[in-house]
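Pasted below: target.txt, compact mmCIF, C-alpha atoms.
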```
# COMPACT_ATOMS: atom_id res chain seq x y z
CA MET D 1 -36.25 -40.38 -47.05
CA CYS D 2 -35.85 -44.15 -46.87
CA LYS D 3 -35.76 -47.15 -44.61
CA ALA D 4 -33.51 -50.10 -45.22
CA PRO D 5 -35.70 -52.78 -46.83
CA ARG D 6 -35.35 -55.26 -43.99
CA PRO D 7 -37.97 -57.71 -42.72
CA GLY D 8 -39.56 -56.27 -39.62
CA VAL D 9 -38.24 -52.75 -40.33
CA SER D 10 -39.88 -51.58 -43.56
CA LYS D 11 -43.55 -51.54 -44.59
CA THR D 12 -44.86 -52.88 -41.29
CA ARG D 13 -48.51 -52.28 -42.20
CA LEU D 14 -48.03 -54.22 -45.39
CA ALA D 15 -46.11 -56.93 -43.53
CA ALA D 16 -49.09 -57.54 -41.26
CA VAL D 17 -50.92 -58.97 -44.28
CA VAL D 18 -48.29 -60.28 -46.70
CA GLY D 19 -45.54 -61.22 -44.23
CA ALA D 20 -42.34 -59.46 -43.25
CA ALA D 21 -40.12 -61.02 -45.93
CA ARG D 22 -42.55 -60.23 -48.74
CA ALA D 23 -43.04 -56.68 -47.46
CA ALA D 24 -39.28 -56.13 -47.42
CA GLN D 25 -39.02 -57.44 -50.99
CA LEU D 26 -41.65 -54.96 -52.12
CA ALA D 27 -40.06 -52.14 -50.10
CA ARG D 28 -36.76 -52.78 -51.88
CA ALA D 29 -38.52 -52.51 -55.26
CA PHE D 30 -40.30 -49.30 -54.23
CA LEU D 31 -36.99 -47.80 -53.08
CA LEU D 32 -35.25 -48.64 -56.35
CA ASP D 33 -38.11 -47.28 -58.45
CA SER D 34 -38.30 -44.07 -56.42
CA ALA D 35 -34.56 -43.65 -56.89
CA ASP D 36 -34.91 -44.19 -60.65
CA ILE D 37 -37.42 -41.33 -60.84
CA LEU D 38 -35.09 -38.92 -59.08
CA ARG D 39 -32.02 -40.14 -60.96
CA PHE D 40 -33.87 -39.48 -64.22
CA LEU D 41 -34.72 -35.91 -63.20
CA ALA D 42 -31.53 -34.90 -61.41
CA PRO D 43 -29.45 -33.92 -64.49
CA ARG D 44 -32.09 -31.39 -65.52
CA TYR D 45 -31.51 -29.47 -62.31
CA ALA D 46 -27.84 -30.24 -61.63
CA ALA D 47 -29.28 -31.73 -58.44
CA THR D 48 -27.44 -33.60 -55.73
CA LEU D 49 -29.11 -36.87 -54.76
CA THR D 50 -29.06 -37.67 -51.06
CA ALA D 51 -30.57 -40.68 -49.29
CA PHE D 52 -31.56 -39.85 -45.73
CA HIS D 53 -31.70 -43.36 -44.36
CA THR D 54 -32.82 -45.23 -41.29
CA PRO D 55 -31.67 -47.15 -39.32
CA ALA D 56 -28.31 -45.47 -38.92
CA ASP D 57 -26.39 -48.74 -39.42
CA ALA D 58 -27.87 -49.24 -42.90
CA GLU D 59 -25.30 -47.12 -44.74
CA GLN D 60 -23.60 -50.01 -46.56
CA GLU D 61 -26.94 -51.57 -47.41
CA ILE D 62 -28.32 -48.33 -48.85
CA ALA D 63 -25.04 -47.57 -50.64
CA ALA D 64 -25.28 -50.89 -52.47
CA LEU D 65 -28.82 -50.07 -53.60
CA LEU D 66 -28.13 -46.42 -54.46
CA PRO D 67 -24.58 -46.20 -55.83
CA GLY D 68 -23.33 -42.65 -56.26
CA TRP D 69 -25.82 -41.10 -53.85
CA ALA D 70 -24.77 -39.08 -50.84
CA LEU D 71 -25.84 -40.87 -47.65
CA THR D 72 -26.97 -39.27 -44.41
CA PRO D 73 -28.51 -41.13 -41.45
CA GLN D 74 -31.78 -39.75 -40.17
CA PRO D 75 -31.64 -38.31 -36.64
CA GLY D 76 -34.07 -39.17 -33.88
CA GLY D 77 -37.47 -37.62 -33.46
CA ASP D 78 -40.73 -37.88 -35.36
CA LEU D 79 -40.95 -37.70 -39.14
CA GLY D 80 -41.27 -33.92 -39.07
CA ALA D 81 -38.04 -33.56 -37.10
CA ARG D 82 -36.25 -35.91 -39.46
CA MET D 83 -37.55 -34.10 -42.54
CA GLY D 84 -36.57 -30.78 -41.00
CA ALA D 85 -33.03 -32.04 -40.49
CA ALA D 86 -32.95 -33.22 -44.10
CA PHE D 87 -34.03 -29.83 -45.41
CA ASP D 88 -31.46 -28.11 -43.20
CA ALA D 89 -28.77 -30.34 -44.70
CA LEU D 90 -29.94 -29.76 -48.28
CA PHE D 91 -30.13 -25.98 -48.13
CA GLN D 92 -26.52 -25.12 -48.76
CA PRO D 93 -25.56 -21.62 -50.02
CA GLY D 94 -26.95 -21.00 -53.48
CA ILE D 95 -29.71 -23.61 -53.23
CA GLY D 96 -33.08 -22.09 -54.05
CA CYS D 97 -35.19 -25.22 -53.83
CA ALA D 98 -34.94 -28.57 -52.09
CA LEU D 99 -37.29 -31.50 -52.56
CA LEU D 100 -37.98 -34.52 -50.39
CA THR D 101 -39.79 -37.69 -51.37
CA GLY D 102 -40.45 -40.93 -49.63
CA THR D 103 -40.26 -44.32 -51.28
CA ASP D 104 -43.94 -45.28 -51.13
CA ALA D 105 -45.03 -43.93 -54.54
CA PRO D 106 -43.03 -45.90 -57.11
CA THR D 107 -45.24 -44.86 -60.04
CA LEU D 108 -45.06 -41.13 -59.32
CA PRO D 109 -44.80 -39.48 -62.76
CA PRO D 110 -41.61 -37.48 -63.28
CA ALA D 111 -43.67 -34.76 -65.01
CA LEU D 112 -45.74 -34.32 -61.85
CA LEU D 113 -42.66 -34.23 -59.65
CA GLU D 114 -41.16 -31.52 -61.87
CA LEU D 115 -44.09 -29.26 -61.02
CA LEU D 116 -42.78 -28.93 -57.47
CA PRO D 117 -39.60 -26.96 -58.25
CA ALA D 118 -41.56 -25.11 -60.92
CA ALA D 119 -44.05 -23.96 -58.27
CA VAL D 120 -41.23 -22.80 -56.00
CA ALA D 121 -39.59 -20.96 -58.89
CA ALA D 122 -42.96 -19.25 -59.52
CA GLY D 123 -43.10 -17.89 -55.97
CA ALA D 124 -44.48 -20.64 -53.76
CA ASP D 125 -42.86 -21.01 -50.36
CA ALA D 126 -43.57 -24.72 -50.57
CA ALA D 127 -45.38 -27.14 -52.86
CA LEU D 128 -46.49 -30.72 -52.35
CA ILE D 129 -48.07 -33.68 -54.09
CA PRO D 130 -50.93 -35.00 -51.96
CA ALA D 131 -51.42 -38.71 -51.39
CA LEU D 132 -54.87 -40.21 -51.69
CA ASP D 133 -54.79 -41.19 -48.01
CA GLY D 134 -54.63 -37.59 -46.78
CA GLY D 135 -50.87 -37.24 -46.52
CA TYR D 136 -48.42 -36.31 -49.22
CA CYS D 137 -45.91 -38.09 -51.48
CA ALA D 138 -43.36 -35.32 -51.96
CA ILE D 139 -42.72 -31.76 -50.84
CA ALA D 140 -40.46 -28.97 -52.07
CA MET D 141 -39.48 -25.84 -50.19
CA ALA D 142 -37.83 -22.55 -51.10
CA ARG D 143 -36.02 -22.50 -47.74
CA PRO D 144 -36.24 -24.41 -44.45
CA LEU D 145 -39.79 -24.04 -43.12
CA PRO D 146 -40.03 -25.83 -39.79
CA ALA D 147 -43.53 -24.45 -39.28
CA LEU D 148 -44.80 -26.88 -41.92
CA LEU D 149 -43.18 -29.86 -40.20
CA ASP D 150 -43.32 -29.31 -36.44
CA GLY D 151 -46.15 -30.91 -34.48
CA MET D 152 -47.94 -32.37 -37.49
CA PRO D 153 -50.20 -35.48 -37.38
CA TRP D 154 -47.81 -37.76 -39.25
CA SER D 155 -49.20 -41.01 -40.70
CA ALA D 156 -52.74 -39.73 -40.15
CA PRO D 157 -55.44 -38.83 -42.70
CA GLY D 158 -55.47 -35.21 -41.52
CA LEU D 159 -51.86 -34.42 -42.44
CA LEU D 160 -52.64 -32.54 -45.65
CA ASP D 161 -55.37 -30.44 -44.04
CA ALA D 162 -53.11 -29.66 -41.08
CA THR D 163 -50.30 -28.60 -43.41
CA ARG D 164 -52.66 -26.33 -45.36
CA ALA D 165 -53.92 -24.77 -42.14
CA ARG D 166 -50.40 -24.22 -40.81
CA ALA D 167 -49.29 -22.59 -44.06
CA ALA D 168 -52.27 -20.23 -43.97
CA ALA D 169 -51.61 -19.35 -40.34
CA GLU D 170 -47.97 -18.59 -41.12
CA GLY D 171 -48.78 -16.52 -44.22
CA LEU D 172 -47.01 -19.00 -46.48
CA ARG D 173 -47.96 -19.79 -50.04
CA LEU D 174 -48.40 -23.56 -50.27
CA ASP D 175 -49.16 -24.94 -53.73
CA VAL D 176 -50.99 -28.28 -53.62
CA LEU D 177 -50.66 -30.21 -56.86
CA GLN D 178 -52.49 -33.18 -58.35
CA PRO D 179 -52.77 -36.09 -55.90
CA TRP D 180 -51.08 -39.43 -56.44
CA HIS D 181 -51.31 -42.80 -54.77
CA ASP D 182 -48.78 -44.39 -52.49
CA VAL D 183 -48.48 -47.84 -50.96
CA ASP D 184 -48.90 -48.18 -47.22
CA GLY D 185 -51.03 -51.28 -46.73
CA ALA D 186 -51.96 -54.38 -48.68
CA GLU D 187 -55.13 -52.68 -49.90
CA ASP D 188 -52.96 -50.28 -51.91
CA LEU D 189 -51.34 -53.03 -53.97
CA ASP D 190 -54.39 -53.38 -56.23
CA LEU D 191 -54.21 -49.71 -57.17
CA LEU D 192 -50.50 -50.10 -57.82
CA ARG D 193 -51.20 -53.01 -60.16
CA LEU D 194 -53.80 -50.94 -62.02
CA SER D 195 -51.37 -48.05 -62.34
CA LEU D 196 -48.68 -50.32 -63.73
CA ALA D 197 -51.10 -51.93 -66.18
CA ALA D 198 -52.21 -48.52 -67.43
CA ALA D 199 -48.60 -47.43 -67.87
CA GLN D 200 -47.71 -50.33 -70.13
CA PRO D 201 -50.56 -51.96 -72.08
CA PRO D 202 -49.85 -55.46 -73.42
CA GLY D 203 -47.63 -55.52 -76.51
CA CYS D 204 -45.94 -52.17 -75.89
CA SER D 205 -42.20 -51.70 -75.88
CA PRO D 206 -40.33 -51.82 -72.55
CA LEU D 207 -40.83 -48.83 -70.29
CA PRO D 208 -38.10 -46.33 -69.44
CA PRO D 209 -36.19 -47.19 -66.26
CA TYR D 210 -38.18 -44.73 -64.14
CA ARG D 211 -41.52 -46.43 -64.76
CA ALA D 212 -41.60 -48.71 -61.74
CA ASN D 213 -40.10 -51.75 -63.40
CA HIS D 214 -38.70 -53.05 -60.10
CA SER D 215 -42.16 -52.91 -58.55
CA ARG D 216 -43.65 -54.60 -61.60
CA VAL D 217 -41.24 -57.52 -61.27
CA ALA D 218 -41.72 -57.76 -57.52
CA LEU D 219 -45.50 -57.88 -57.85
CA GLU D 220 -45.32 -60.52 -60.56
CA ALA D 221 -43.15 -62.64 -58.26
CA ALA D 222 -45.99 -62.95 -55.77
```
Mind converting the file's structure to structure tokens?
Amino acid sequence: MCKAPRPGVSKTRLAAVVGAARAAQLARAFLLDSADILRFLAPRYAATLTAFHTPADAEQEIAALLPGWALTPQPGGDLGARMGAAFDALFQPGIGCALLTGTDAPTLPPALLELLPAAVAAGADAALIPALDGGYCAIAMARPLPALLDGMPWSAPGLLDATRARAAAEGLRLDVLQPWHDVDGAEDLDLLRLSLAAAQPPGCSPLPPYRANHSRVALEAA
């Protein structure tokens, strides 16, 4: 699920502090790093990679950033409606698990992301990786589950708790994995820098392409 990295469109909370152009530069890096993570994992699952993008006229822009990906514009509605449409599109015959991520967690470890389809394969109806702000970074489902998406407090600290409560009310098994951090506002950039520094101590060899190298370069350009 991605926005075109355009000034005034992407990372508006971040833009309020660092400026629209700088926020768009960082958003582009986060998008590329998030794509690298999924591109690294996709062959293990024979997975199809699809970018559900907004705005609708960003297809050429996103195609240039994500060559080889299938592209689908997001419909109208709140984030839950747009995620629901994405899951509906992903669940073709024979698909037993679909996974959605955003582009706000560029250091998300591939090993943690792999636990999502593993949880579904082990019987979970859905599994998610919580974000430290009370939302979540990624979610996998065994089938379309609109009950987990409809009427949720999106972009609010209570999203995770509301999703847990909805799953319990619907009799669904929701596996909640280890939390990770995402980047919404300028205050999150310091944690991102710490995460990047921990991933590659000075003097180490270059990191694999999925280890947020675009974000590293973008931050250093500040």
| With only C-alpha atoms as the atoms that count, which of D:Leu79, D:Ala86, D:Ala147, D:Val183 lies nearest to Asp133 in chain D? |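 Answer, going by the shortest atom-to-atom distance: D:Val183.
CA of Ile37 in chain D to CA of Pro93 in chain D spans 25.4 Å [interatomic distance, one decimal].
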| message | I'd like to know which of D:Leu108, D:Ala23, D:Ala218, D:Leu194 is closest to Tyr136 in chain D, using only C-alpha atoms. | response | D:Leu108
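Residues within 12 Å of Asp36 in chain D, counting all atoms listed in the file and excluding same-chain residues fewer than 3 positions away, are Ala29, Phe30, Leu31, Leu32, Asp33, Arg39, Phe40, Leu41, Ala42, Leu49, Leu65, Leu66, Pro67, Trp69, Thr103, Ala105, Pro106, Thr107, Leu108, Pro109, Pro110, Pro208, Pro209, Tyr210, Arg211, Ala212, Asn213, His214 and Ser215 of chain D.
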| field | Selected residue, from D:Gly77, D:Gly84, D:Pro153, D:Gly102, that lies nearest to Cys2 in chain D when counting only C-alpha atoms | value |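 Between D:Gly77, D:Gly84, D:Pro153, D:Gly102, the residue approaching Cys2 in chain D most closely is D:Gly102.
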Around (-44.0, -51.1, -40.6) in the file's own coordinates, what residues are found within 12 Å if you use only C-alpha atoms, given back as a CSV table (one decimal) with C-alpha atoms, in the coordinates of the input?
```csv
chain,number,residue,atom,x,y,z
D,3,LYS,CA,-35.8,-47.2,-44.6
D,4,ALA,CA,-33.5,-50.1,-45.2
D,5,PRO,CA,-35.7,-52.8,-46.8
D,6,ARG,CA,-35.4,-55.3,-44.0
D,7,PRO,CA,-38.0,-57.7,-42.7
D,8,GLY,CA,-39.6,-56.3,-39.6
D,9,VAL,CA,-38.2,-52.8,-40.3
D,10,SER,CA,-39.9,-51.6,-43.6
D,11,LYS,CA,-43.6,-51.5,-44.6
D,12,THR,CA,-44.9,-52.9,-41.3
D,13,ARG,CA,-48.5,-52.3,-42.2
D,14,LEU,CA,-48.0,-54.2,-45.4
D,15,ALA,CA,-46.1,-56.9,-43.5
D,16,ALA,CA,-49.1,-57.5,-41.3
D,17,VAL,CA,-50.9,-59.0,-44.3
D,18,VAL,CA,-48.3,-60.3,-46.7
D,19,GLY,CA,-45.5,-61.2,-44.2
D,20,ALA,CA,-42.3,-59.5,-43.2
D,21,ALA,CA,-40.1,-61.0,-45.9
D,23,ALA,CA,-43.0,-56.7,-47.5
D,24,ALA,CA,-39.3,-56.1,-47.4
D,27,ALA,CA,-40.1,-52.1,-50.1
D,155,SER,CA,-49.2,-41.0,-40.7
D,183,VAL,CA,-48.5,-47.8,-51.0
D,184,ASP,CA,-48.9,-48.2,-47.2
D,185,GLY,CA,-51.0,-51.3,-46.7
D,186,ALA,CA,-52.0,-54.4,-48.7
```
